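Coordinates as given in final-v4.tsv (TSV, N, CA, C and O atoms):
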chain	number	residue	atom	x	y	z
A	1	MET	N	79.00	107.04	102.29
A	1	MET	CA	80.03	106.60	101.38
A	1	MET	C	81.00	107.77	101.13
A	1	MET	O	80.59	108.90	101.05
A	2	ASN	N	82.26	107.42	101.00
A	2	ASN	CA	83.30	108.40	100.72
A	2	ASN	C	83.58	108.47	99.23
A	2	ASN	O	83.33	107.53	98.49
A	3	LYS	N	84.15	109.58	98.79
A	3	LYS	CA	84.55	109.74	97.39
A	3	LYS	C	86.02	109.39	97.25
A	3	LYS	O	86.84	109.78	98.09
A	4	TYR	N	86.36	108.66	96.19
A	4	TYR	CA	87.73	108.22	95.94
A	4	TYR	C	88.10	108.47	94.48
A	4	TYR	O	87.23	108.60	93.62
A	5	GLU	N	89.40	108.49	94.24
A	5	GLU	CA	89.93	108.53	92.89
A	5	GLU	C	91.01	107.47	92.80
A	5	GLU	O	91.88	107.40	93.66
A	6	SER	N	90.93	106.65	91.80
A	6	SER	CA	91.89	105.57	91.61
A	6	SER	C	92.58	105.77	90.26
A	6	SER	O	91.91	105.92	89.24
A	7	VAL	N	93.91	105.78	90.28
A	7	VAL	CA	94.69	105.91	89.05
A	7	VAL	C	95.41	104.58	88.83
A	7	VAL	O	96.10	104.10	89.73
A	8	VAL	N	95.25	104.01	87.65
A	8	VAL	CA	95.83	102.71	87.33
A	8	VAL	C	96.72	102.87	86.10
A	8	VAL	O	96.28	103.41	85.08
A	9	ILE	N	97.95	102.41	86.20
A	9	ILE	CA	98.88	102.43	85.08
A	9	ILE	C	99.00	101.01	84.55
A	9	ILE	O	99.35	100.09	85.28
A	10	ILE	N	98.70	100.86	83.26
A	10	ILE	CA	98.64	99.54	82.62
A	10	ILE	C	99.81	99.37	81.67
A	10	ILE	O	100.23	100.32	81.01
A	11	ASP	N	100.32	98.17	81.59
A	11	ASP	CA	101.44	97.83	80.71
A	11	ASP	C	101.17	98.30	79.28
A	11	ASP	O	100.09	98.07	78.75
A	12	PRO	N	102.14	98.96	78.64
A	12	PRO	CA	101.92	99.48	77.29
A	12	PRO	C	101.77	98.38	76.23
A	12	PRO	O	101.26	98.64	75.14
A	13	ALA	N	102.17	97.15	76.53
A	13	ALA	CA	102.04	96.06	75.57
A	13	ALA	C	100.59	95.56	75.48
A	13	ALA	O	100.24	94.84	74.55
A	14	VAL	N	99.75	95.96	76.42
A	14	VAL	CA	98.35	95.53	76.42
A	14	VAL	C	97.59	96.27	75.33
A	14	VAL	O	97.71	97.48	75.19
A	15	GLU	N	96.82	95.53	74.54
A	15	GLU	CA	96.05	96.12	73.44
A	15	GLU	C	94.89	96.96	73.97
A	15	GLU	O	94.43	96.77	75.09
A	16	GLU	N	94.42	97.88	73.13
A	16	GLU	CA	93.37	98.83	73.51
A	16	GLU	C	92.09	98.12	73.96
A	16	GLU	O	91.44	98.55	74.91
A	17	ASP	N	91.72	97.03	73.30
A	17	ASP	CA	90.52	96.29	73.68
A	17	ASP	C	90.65	95.72	75.09
A	17	ASP	O	89.69	95.73	75.86
A	18	LYS	N	91.84	95.22	75.40
A	18	LYS	CA	92.08	94.66	76.74
A	18	LYS	C	92.04	95.76	77.80
A	18	LYS	O	91.56	95.53	78.91
A	19	VAL	N	92.52	96.95	77.48
A	19	VAL	CA	92.47	98.08	78.42
A	19	VAL	C	91.02	98.42	78.74
A	19	VAL	O	90.67	98.62	79.90
A	20	LYS	N	90.17	98.44	77.71
A	20	LYS	CA	88.75	98.70	77.93
A	20	LYS	C	88.11	97.60	78.77
A	20	LYS	O	87.28	97.86	79.63
A	21	GLU	N	88.51	96.37	78.52
A	21	GLU	CA	88.00	95.23	79.29
A	21	GLU	C	88.41	95.35	80.77
A	21	GLU	O	87.60	95.11	81.66
A	22	LEU	N	89.66	95.75	81.01
A	22	LEU	CA	90.13	95.94	82.38
A	22	LEU	C	89.37	97.07	83.07
A	22	LEU	O	88.98	96.94	84.23
A	23	SER	N	89.16	98.17	82.35
A	23	SER	CA	88.40	99.30	82.91
A	23	SER	C	87.00	98.85	83.30
A	23	SER	O	86.50	99.23	84.37
A	24	GLN	N	86.38	98.06	82.45
A	24	GLN	CA	85.04	97.55	82.76
A	24	GLN	C	85.07	96.64	83.98
A	24	GLN	O	84.17	96.70	84.82
A	25	LYS	N	86.09	95.82	84.11
A	25	LYS	CA	86.21	94.93	85.26
A	25	LYS	C	86.35	95.74	86.55
A	25	LYS	O	85.72	95.44	87.56
A	26	PHE	N	87.16	96.81	86.50
A	26	PHE	CA	87.33	97.66	87.68
A	26	PHE	C	86.02	98.34	88.06
A	26	PHE	O	85.65	98.38	89.24
A	27	THR	N	85.29	98.85	87.07
A	27	THR	CA	84.01	99.51	87.38
A	27	THR	C	82.97	98.52	87.90
A	27	THR	O	82.19	98.87	88.78
A	28	ASP	N	83.00	97.29	87.42
A	28	ASP	CA	82.08	96.26	87.95
A	28	ASP	C	82.38	95.97	89.41
A	28	ASP	O	81.45	95.83	90.22
A	29	ILE	N	83.65	95.88	89.77
A	29	ILE	CA	84.03	95.64	91.17
A	29	ILE	C	83.54	96.79	92.04
A	29	ILE	O	82.97	96.58	93.12
A	30	ILE	N	83.73	98.02	91.57
A	30	ILE	CA	83.31	99.19	92.35
A	30	ILE	C	81.79	99.24	92.47
A	30	ILE	O	81.26	99.52	93.55
A	31	ASN	N	81.08	98.96	91.39
A	31	ASN	CA	79.62	99.04	91.41
A	31	ASN	C	78.97	97.98	92.28
A	31	ASN	O	77.79	98.11	92.61
A	32	ASN	N	79.70	96.95	92.70
A	32	ASN	CA	79.15	95.95	93.62
A	32	ASN	C	78.85	96.56	94.98
A	32	ASN	O	77.91	96.14	95.65
A	33	ASP	N	79.65	97.54	95.42
A	33	ASP	CA	79.46	98.13	96.74
A	33	ASP	C	79.67	99.65	96.71
A	33	ASP	O	80.03	100.24	97.69
A	34	GLY	N	79.48	100.26	95.56
A	34	GLY	CA	79.68	101.70	95.43
A	34	GLY	C	79.06	102.21	94.16
A	34	GLY	O	78.18	101.57	93.58
A	35	LYS	N	79.53	103.37	93.70
A	35	LYS	CA	78.97	103.97	92.49
A	35	LYS	C	80.08	104.69	91.74
A	35	LYS	O	80.70	105.60	92.27
A	36	VAL	N	80.31	104.29	90.51
A	36	VAL	CA	81.31	104.93	89.66
A	36	VAL	C	80.72	106.24	89.14
A	36	VAL	O	79.62	106.25	88.59
A	37	GLU	N	81.46	107.34	89.34
A	37	GLU	CA	81.00	108.63	88.83
A	37	GLU	C	81.55	108.91	87.44
A	37	GLU	O	80.84	109.42	86.59
A	38	LYS	N	82.83	108.59	87.23
A	38	LYS	CA	83.46	108.91	85.95
A	38	LYS	C	84.68	108.03	85.74
A	38	LYS	O	85.42	107.76	86.67
A	39	VAL	N	84.86	107.57	84.51
A	39	VAL	CA	86.05	106.81	84.12
A	39	VAL	C	86.72	107.57	82.98
A	39	VAL	O	86.07	107.89	81.99
A	40	GLU	N	88.00	107.88	83.15
A	40	GLU	CA	88.76	108.57	82.10
A	40	GLU	C	89.88	107.66	81.63
A	40	GLU	O	90.73	107.27	82.42
A	41	ASP	N	89.85	107.33	80.35
A	41	ASP	CA	90.96	106.58	79.76
A	41	ASP	C	91.89	107.63	79.17
A	41	ASP	O	91.59	108.22	78.14
A	42	LEU	N	92.99	107.90	79.84
A	42	LEU	CA	93.91	108.93	79.40
A	42	LEU	C	94.85	108.45	78.32
A	42	LEU	O	95.69	109.20	77.84
A	43	GLY	N	94.72	107.18	77.92
A	43	GLY	CA	95.56	106.64	76.86
A	43	GLY	C	97.01	106.56	77.28
A	43	GLY	O	97.33	106.50	78.46
A	44	LYS	N	97.89	106.55	76.31
A	44	LYS	CA	99.32	106.46	76.60
A	44	LYS	C	99.84	107.85	76.91
A	44	LYS	O	99.70	108.78	76.12
A	45	LYS	N	100.43	107.99	78.08
A	45	LYS	CA	101.00	109.26	78.52
A	45	LYS	C	102.46	109.05	78.85
A	45	LYS	O	102.85	108.00	79.35
A	46	LYS	N	103.25	110.04	78.61
A	46	LYS	CA	104.66	109.98	78.96
A	46	LYS	C	104.79	110.27	80.45
A	46	LYS	O	104.24	111.25	80.95
A	47	LEU	N	105.48	109.43	81.16
A	47	LEU	CA	105.70	109.63	82.58
A	47	LEU	C	107.08	110.26	82.80
A	47	LEU	O	107.66	110.83	81.89
A	48	ALA	N	107.60	110.15	83.98
A	48	ALA	CA	108.89	110.77	84.31
A	48	ALA	C	110.04	110.17	83.52
A	48	ALA	O	111.09	110.76	83.39
A	49	TYR	N	109.84	108.99	82.97
A	49	TYR	CA	110.85	108.35	82.16
A	49	TYR	C	110.27	108.04	80.79
A	49	TYR	O	109.09	108.22	80.55
A	50	GLU	N	111.04	107.57	79.88
A	50	GLU	CA	110.68	107.46	78.47
A	50	GLU	C	109.59	106.45	78.13
A	50	GLU	O	108.94	106.58	77.12
A	51	VAL	N	109.39	105.41	78.93
A	51	VAL	CA	108.42	104.37	78.59
A	51	VAL	C	107.01	104.94	78.67
A	51	VAL	O	106.64	105.58	79.63
A	52	LYS	N	106.21	104.72	77.63
A	52	LYS	CA	104.83	105.20	77.63
A	52	LYS	C	103.91	104.12	78.19
A	52	LYS	O	104.07	102.95	77.88
A	53	LYS	N	102.97	104.52	78.98
A	53	LYS	CA	102.03	103.60	79.63
A	53	LYS	C	100.60	104.01	79.33
A	53	LYS	O	100.33	105.16	79.03
A	54	ASN	N	99.67	103.09	79.45
A	54	ASN	CA	98.25	103.39	79.40
A	54	ASN	C	97.82	103.78	80.80
A	54	ASN	O	98.21	103.14	81.78
A	55	LYS	N	97.01	104.81	80.90
A	55	LYS	CA	96.61	105.31	82.20
A	55	LYS	C	95.08	105.42	82.25
A	55	LYS	O	94.47	105.94	81.32
A	56	VAL	N	94.47	104.92	83.34
A	56	VAL	CA	93.03	104.98	83.53
A	56	VAL	C	92.77	105.63	84.88
A	56	VAL	O	93.38	105.26	85.88
A	57	VAL	N	91.85	106.62	84.92
A	57	VAL	CA	91.47	107.29	86.15
A	57	VAL	C	90.00	106.99	86.40
A	57	VAL	O	89.16	107.19	85.52
A	58	ILE	N	89.68	106.52	87.61
A	58	ILE	CA	88.31	106.19	87.98
A	58	ILE	C	87.91	107.02	89.19
A	58	ILE	O	88.56	106.93	90.23
A	59	ASN	N	86.86	107.82	89.08
A	59	ASN	CA	86.30	108.56	90.21
A	59	ASN	C	85.06	107.82	90.66
A	59	ASN	O	84.19	107.50	89.83
A	60	PHE	N	84.95	107.57	91.97
A	60	PHE	CA	83.82	106.78	92.45
A	60	PHE	C	83.52	107.05	93.91
A	60	PHE	O	84.31	107.65	94.62
A	61	GLU	N	82.33	106.62	94.34
A	61	GLU	CA	81.92	106.63	95.74
A	61	GLU	C	81.83	105.20	96.20
A	61	GLU	O	81.30	104.34	95.48
A	62	ALA	N	82.33	104.93	97.40
A	62	ALA	CA	82.28	103.55	97.92
A	62	ALA	C	82.49	103.55	99.42
A	62	ALA	O	82.95	104.53	100.00
A	63	ASN	N	82.16	102.44	100.01
A	63	ASN	CA	82.46	102.23	101.42
A	63	ASN	C	83.95	101.93	101.55
A	63	ASN	O	84.54	101.32	100.65
A	64	PRO	N	84.57	102.32	102.66
A	64	PRO	CA	86.01	102.12	102.83
A	64	PRO	C	86.48	100.67	102.69
A	64	PRO	O	87.59	100.42	102.23
A	65	ASN	N	85.64	99.70	103.04
A	65	ASN	CA	86.06	98.29	102.94
A	65	ASN	C	86.22	97.82	101.49
A	65	ASN	O	86.88	96.84	101.22
A	66	LEU	N	85.62	98.53	100.53
A	66	LEU	CA	85.76	98.17	99.11
A	66	LEU	C	87.17	98.43	98.59
A	66	LEU	O	87.65	97.73	97.71
A	67	ILE	N	87.84	99.41	99.15
A	67	ILE	CA	89.16	99.81	98.66
A	67	ILE	C	90.16	98.65	98.76
A	67	ILE	O	90.92	98.41	97.83
A	68	SER	N	90.14	97.94	99.85
A	68	SER	CA	91.07	96.81	100.00
A	68	SER	C	90.80	95.72	98.96
A	68	SER	O	91.73	95.14	98.41
A	69	GLU	N	89.54	95.47	98.65
A	69	GLU	CA	89.19	94.47	97.63
A	69	GLU	C	89.62	94.94	96.24
A	69	GLU	O	90.16	94.17	95.44
A	70	LEU	N	89.39	96.21	95.94
A	70	LEU	CA	89.78	96.77	94.65
A	70	LEU	C	91.30	96.70	94.47
A	70	LEU	O	91.79	96.25	93.44
A	71	GLU	N	92.05	97.12	95.48
A	71	GLU	CA	93.50	97.10	95.38
A	71	GLU	C	94.05	95.67	95.34
A	71	GLU	O	95.06	95.41	94.71
A	72	ARG	N	93.37	94.73	95.97
A	72	ARG	CA	93.77	93.32	95.89
A	72	ARG	C	93.67	92.85	94.44
A	72	ARG	O	94.56	92.17	93.92
A	73	ASN	N	92.59	93.25	93.76
A	73	ASN	CA	92.43	92.90	92.35
A	73	ASN	C	93.48	93.55	91.48
A	73	ASN	O	93.98	92.93	90.54
A	74	TYR	N	93.83	94.79	91.77
A	74	TYR	CA	94.90	95.45	91.02
A	74	TYR	C	96.21	94.66	91.14
A	74	TYR	O	96.93	94.48	90.17
A	75	ARG	N	96.51	94.20	92.35
A	75	ARG	CA	97.77	93.50	92.61
A	75	ARG	C	97.88	92.17	91.86
A	75	ARG	O	98.96	91.78	91.45
A	76	ILE	N	96.77	91.46	91.69
A	76	ILE	CA	96.85	90.13	91.08
A	76	ILE	C	96.78	90.17	89.56
A	76	ILE	O	96.99	89.15	88.92
A	77	MET	N	96.53	91.33	88.97
A	77	MET	CA	96.46	91.44	87.51
A	77	MET	C	97.84	91.77	86.96
A	77	MET	O	98.45	92.77	87.33
A	78	ASP	N	98.32	90.93	86.07
A	78	ASP	CA	99.64	91.13	85.47
A	78	ASP	C	99.72	92.40	84.64
A	78	ASP	O	100.79	92.99	84.50
A	79	GLU	N	98.61	92.84	84.08
A	79	GLU	CA	98.61	94.02	83.21
A	79	GLU	C	98.80	95.33	83.97
A	79	GLU	O	99.22	96.32	83.41
A	80	VAL	N	98.45	95.34	85.25
A	80	VAL	CA	98.55	96.56	86.07
A	80	VAL	C	99.97	96.69	86.58
A	80	VAL	O	100.49	95.81	87.26
A	81	ILE	N	100.61	97.82	86.25
A	81	ILE	CA	101.99	98.06	86.68
A	81	ILE	C	102.00	98.80	88.01
A	81	ILE	O	102.69	98.40	88.94
A	82	LYS	N	101.25	99.88	88.10
A	82	LYS	CA	101.16	100.69	89.32
A	82	LYS	C	99.72	101.15	89.51
A	82	LYS	O	98.95	101.24	88.56
A	83	PHE	N	99.38	101.49	90.75
A	83	PHE	CA	98.06	102.03	91.03
A	83	PHE	C	98.13	102.84	92.31
A	83	PHE	O	99.04	102.66	93.13
A	84	ILE	N	97.19	103.74	92.46
A	84	ILE	CA	97.03	104.49	93.70
A	84	ILE	C	95.56	104.84	93.83
A	84	ILE	O	94.90	105.19	92.84
A	85	THR	N	95.04	104.70	95.02
A	85	THR	CA	93.67	105.09	95.31
A	85	THR	C	93.71	106.09	96.45
A	85	THR	O	94.29	105.81	97.49
A	86	ILE	N	93.14	107.27	96.21
A	86	ILE	CA	93.14	108.31	97.23
A	86	ILE	C	91.72	108.74	97.53
A	86	ILE	O	90.82	108.61	96.70
A	87	LYS	N	91.55	109.28	98.73
A	87	LYS	CA	90.25	109.81	99.12
A	87	LYS	C	90.13	111.23	98.56
A	87	LYS	O	90.96	112.07	98.83
A	88	ALA	N	89.13	111.44	97.73
A	88	ALA	CA	88.92	112.76	97.11
A	88	ALA	C	88.15	113.64	98.07
A	88	ALA	O	87.33	113.17	98.87
A	89	GLU	N	88.38	114.93	97.97
A	89	GLU	CA	87.66	115.86	98.85
A	89	GLU	C	86.62	116.62	98.11
A	89	GLU	O	86.64	116.83	96.97
Take the structure in this file and express it as structure tokens.
Amino acid sequence: MNKYESVVIIDPAVEEDKVKELSQKFTDIINNDGKVEKVEDLGKKKLAYEVKKNKVVINFEANPNLISELERNYRIMDEVIKFITIKAE
């Protein structure tokens, strides 16, 4: 299994409880075929522009085929604005 890091930017209008629920959903998807090492809820951070977003970072180990399923789930969720998954070294 390879190590990955996934950064998810969530709409700022989403309530804190919903952000935790989304984080749990992402970790459940990963744990089906991998292992979550660490989840960091970075809260609302200022990005390159003025709008503040909720940001979640997930470090995990998984098989490469899981990444496409995880990113498919990110795409279909209205709350997720942007995401990136990279292979950690």
**Item:** Residue nearest Ile58 (chain A) - candidates A:Lys18, A:Lys38, A:Lys87, A:Lys82, atoms counted: all atoms listed in the file
**Value:** A:Lys38
**Message:** Which residues are near region 21-26 of chain A? Cut-off 8 Å, all atoms listed in the file, ignore same chain within fewer than 4 positions. Put them as a count of residues only.
**Reply:** 10
**Message:** For a quick check of understanding, using only C-alpha atoms, which of A:Asn73, A:Asn54, A:Asn63, A:Ser6 has the smallest distance to Lys20 (chain A)?
**Reply:**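 The closest residue to Lys20 (chain A) is A:Asn54.
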**Request:** Apply DSSP to the backbone of this structure and, from chain A, keep only the residues in strand (DSSP E); write these as an NGL selection string.
**Result:** :A and (2-10 or 34-46 or 52-62 or 80-87)
**Request:** Would you please extract all alpha helix (DSSP H) residues from region 1-85 of chain A, as assigned by DSSP on the backbone, and give them as a ChimeraX atom specification?
**Result:** /A:16-33,64-76
**Fill in**
Atom pair CA of Glu5 (chain A) + CA of Lys44 (chain A), distance 18.9 Å
**Message:** For a test of reading the model, state the distance in Å between atom N of Lys55 (chain A) and CA of Tyr74 (chain A), rounded to one decimal.
**Reply:**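 A separation of 13.9 Å between them.
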**Item:** Nearest to Asp41 (chain A), chosen from A:Val57, A:Asp28, A:Glu71, A:Met77, with only N, CA, C and O atoms counted in the distances
**Value:**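 Comparing A:Val57, A:Asp28, A:Glu71, A:Met77 against Asp41 (chain A), the winner is A:Val57.
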**Prompt:** Rounded to one decimal in Å, what is the spacing between atom O of Pro12 (chain A) and atom N of Glu40 (chain A)?
**Reply:**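 Distance between the two atoms: 18.0 Å.
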**Request:** Counting only N, CA, C and O atoms, figure out which residue out of A:Val7, A:Val14, A:Leu42, A:Leu66 gets nearest to Glu79 (chain A).
**Result:** A:Val14
**Pick from A:Ile9, A:Met1, A:Asp33, A:Asn65, whichever lies nearest to Ile81 (chain A) using all atoms listed in the file** = A:Ile9
Kindly output region 2-13 of chain A as a PDB file, in the coordinates of the input, after building all heavy atoms.
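Done, and the output landed in selection.pdb:
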ATOM      1  N   ASN A   2      82.260 107.420 101.000  1.00  0.00           N
ATOM      2  CA  ASN A   2      83.300 108.400 100.720  1.00  0.00           C
ATOM      3  C   ASN A   2      83.580 108.470  99.230  1.00  0.00           C
ATOM      4  O   ASN A   2      83.330 107.530  98.490  1.00  0.00           O
ATOM      5  CB  ASN A   2      84.599 108.010 101.440  1.00  0.00           C
ATOM      6  CG  ASN A   2      84.428 107.990 102.937  1.00  0.00           C
ATOM      7  OD1 ASN A   2      83.743 108.821 103.503  1.00  0.00           O
ATOM      8  ND2 ASN A   2      85.055 107.029 103.588  1.00  0.00           N
ATOM      9  N   LYS A   3      84.150 109.580  98.790  1.00  0.00           N
ATOM     10  CA  LYS A   3      84.550 109.740  97.390  1.00  0.00           C
ATOM     11  C   LYS A   3      86.020 109.390  97.250  1.00  0.00           C
ATOM     12  O   LYS A   3      86.840 109.780  98.090  1.00  0.00           O
ATOM     13  CB  LYS A   3      84.310 111.165  96.912  1.00  0.00           C
ATOM     14  CG  LYS A   3      82.855 111.512  96.817  1.00  0.00           C
ATOM     15  CD  LYS A   3      82.670 112.872  96.189  1.00  0.00           C
ATOM     16  CE  LYS A   3      81.196 113.156  96.094  1.00  0.00           C
ATOM     17  NZ  LYS A   3      80.750 113.378  94.756  1.00  0.00           N
ATOM     18  N   TYR A   4      86.360 108.660  96.190  1.00  0.00           N
ATOM     19  CA  TYR A   4      87.730 108.220  95.940  1.00  0.00           C
ATOM     20  C   TYR A   4      88.100 108.470  94.480  1.00  0.00           C
ATOM     21  O   TYR A   4      87.230 108.600  93.620  1.00  0.00           O
ATOM     22  CB  TYR A   4      87.882 106.726  96.228  1.00  0.00           C
ATOM     23  CG  TYR A   4      87.668 106.363  97.665  1.00  0.00           C
ATOM     24  CD1 TYR A   4      86.428 105.929  98.116  1.00  0.00           C
ATOM     25  CD2 TYR A   4      88.708 106.444  98.589  1.00  0.00           C
ATOM     26  CE1 TYR A   4      86.224 105.592  99.436  1.00  0.00           C
ATOM     27  CE2 TYR A   4      88.516 106.102  99.913  1.00  0.00           C
ATOM     28  CZ  TYR A   4      87.275 105.684 100.329  1.00  0.00           C
ATOM     29  OH  TYR A   4      87.073 105.346 101.641  1.00  0.00           O
ATOM     30  N   GLU A   5      89.400 108.490  94.240  1.00  0.00           N
ATOM     31  CA  GLU A   5      89.930 108.530  92.890  1.00  0.00           C
ATOM     32  C   GLU A   5      91.010 107.470  92.800  1.00  0.00           C
ATOM     33  O   GLU A   5      91.880 107.400  93.660  1.00  0.00           O
ATOM     34  CB  GLU A   5      90.527 109.898  92.564  1.00  0.00           C
ATOM     35  CG  GLU A   5      91.094 109.972  91.162  1.00  0.00           C
ATOM     36  CD  GLU A   5      91.597 111.352  90.813  1.00  0.00           C
ATOM     37  OE1 GLU A   5      90.789 112.154  90.313  1.00  0.00           O
ATOM     38  OE2 GLU A   5      92.780 111.603  91.058  1.00  0.00           O
ATOM     39  N   SER A   6      90.930 106.650  91.800  1.00  0.00           N
ATOM     40  CA  SER A   6      91.890 105.570  91.610  1.00  0.00           C
ATOM     41  C   SER A   6      92.580 105.770  90.260  1.00  0.00           C
ATOM     42  O   SER A   6      91.910 105.920  89.240  1.00  0.00           O
ATOM     43  CB  SER A   6      91.173 104.223  91.645  1.00  0.00           C
ATOM     44  OG  SER A   6      92.083 103.167  91.627  1.00  0.00           O
ATOM     45  N   VAL A   7      93.910 105.780  90.280  1.00  0.00           N
ATOM     46  CA  VAL A   7      94.690 105.910  89.050  1.00  0.00           C
ATOM     47  C   VAL A   7      95.410 104.580  88.830  1.00  0.00           C
ATOM     48  O   VAL A   7      96.100 104.100  89.730  1.00  0.00           O
ATOM     49  CB  VAL A   7      95.718 107.058  89.142  1.00  0.00           C
ATOM     50  CG1 VAL A   7      96.543 107.139  87.872  1.00  0.00           C
ATOM     51  CG2 VAL A   7      95.013 108.376  89.414  1.00  0.00           C
ATOM     52  N   VAL A   8      95.250 104.010  87.650  1.00  0.00           N
ATOM     53  CA  VAL A   8      95.830 102.710  87.330  1.00  0.00           C
ATOM     54  C   VAL A   8      96.720 102.870  86.100  1.00  0.00           C
ATOM     55  O   VAL A   8      96.280 103.410  85.080  1.00  0.00           O
ATOM     56  CB  VAL A   8      94.724 101.670  87.040  1.00  0.00           C
ATOM     57  CG1 VAL A   8      95.330 100.322  86.766  1.00  0.00           C
ATOM     58  CG2 VAL A   8      93.726 101.605  88.181  1.00  0.00           C
ATOM     59  N   ILE A   9      97.950 102.410  86.200  1.00  0.00           N
ATOM     60  CA  ILE A   9      98.880 102.430  85.080  1.00  0.00           C
ATOM     61  C   ILE A   9      99.000 101.010  84.550  1.00  0.00           C
ATOM     62  O   ILE A   9      99.350 100.090  85.280  1.00  0.00           O
ATOM     63  CB  ILE A   9     100.247 102.995  85.479  1.00  0.00           C
ATOM     64  CG1 ILE A   9     100.067 104.437  85.964  1.00  0.00           C
ATOM     65  CG2 ILE A   9     101.223 102.924  84.320  1.00  0.00           C
ATOM     66  CD1 ILE A   9     101.308 105.058  86.514  1.00  0.00           C
ATOM     67  N   ILE A  10      98.700 100.860  83.260  1.00  0.00           N
ATOM     68  CA  ILE A  10      98.640  99.540  82.620  1.00  0.00           C
ATOM     69  C   ILE A  10      99.810  99.370  81.670  1.00  0.00           C
ATOM     70  O   ILE A  10     100.230 100.320  81.010  1.00  0.00           O
ATOM     71  CB  ILE A  10      97.295  99.387  81.887  1.00  0.00           C
ATOM     72  CG1 ILE A  10      96.148  99.524  82.902  1.00  0.00           C
ATOM     73  CG2 ILE A  10      97.220  98.054  81.164  1.00  0.00           C
ATOM     74  CD1 ILE A  10      94.786  99.612  82.282  1.00  0.00           C
ATOM     75  N   ASP A  11     100.320  98.170  81.590  1.00  0.00           N
ATOM     76  CA  ASP A  11     101.440  97.830  80.710  1.00  0.00           C
ATOM     77  C   ASP A  11     101.170  98.300  79.280  1.00  0.00           C
ATOM     78  O   ASP A  11     100.090  98.070  78.750  1.00  0.00           O
ATOM     79  CB  ASP A  11     101.619  96.307  80.744  1.00  0.00           C
ATOM     80  CG  ASP A  11     102.842  95.820  79.999  1.00  0.00           C
ATOM     81  OD1 ASP A  11     103.459  96.612  79.264  1.00  0.00           O
ATOM     82  OD2 ASP A  11     103.184  94.645  80.165  1.00  0.00           O
ATOM     83  N   PRO A  12     102.140  98.960  78.640  1.00  0.00           N
ATOM     84  CA  PRO A  12     101.920  99.480  77.290  1.00  0.00           C
ATOM     85  C   PRO A  12     101.770  98.380  76.230  1.00  0.00           C
ATOM     86  O   PRO A  12     101.260  98.640  75.140  1.00  0.00           O
ATOM     87  CB  PRO A  12     103.170 100.315  77.008  1.00  0.00           C
ATOM     88  CG  PRO A  12     104.204  99.769  77.904  1.00  0.00           C
ATOM     89  CD  PRO A  12     103.473  99.291  79.130  1.00  0.00           C
ATOM     90  N   ALA A  13     102.170  97.150  76.530  1.00  0.00           N
ATOM     91  CA  ALA A  13     102.040  96.060  75.570  1.00  0.00           C
ATOM     92  C   ALA A  13     100.590  95.560  75.480  1.00  0.00           C
ATOM     93  O   ALA A  13     100.240  94.840  74.550  1.00  0.00           O
ATOM     94  CB  ALA A  13     102.954  94.903  75.975  1.00  0.00           C
TER      95      ALA A  13
END
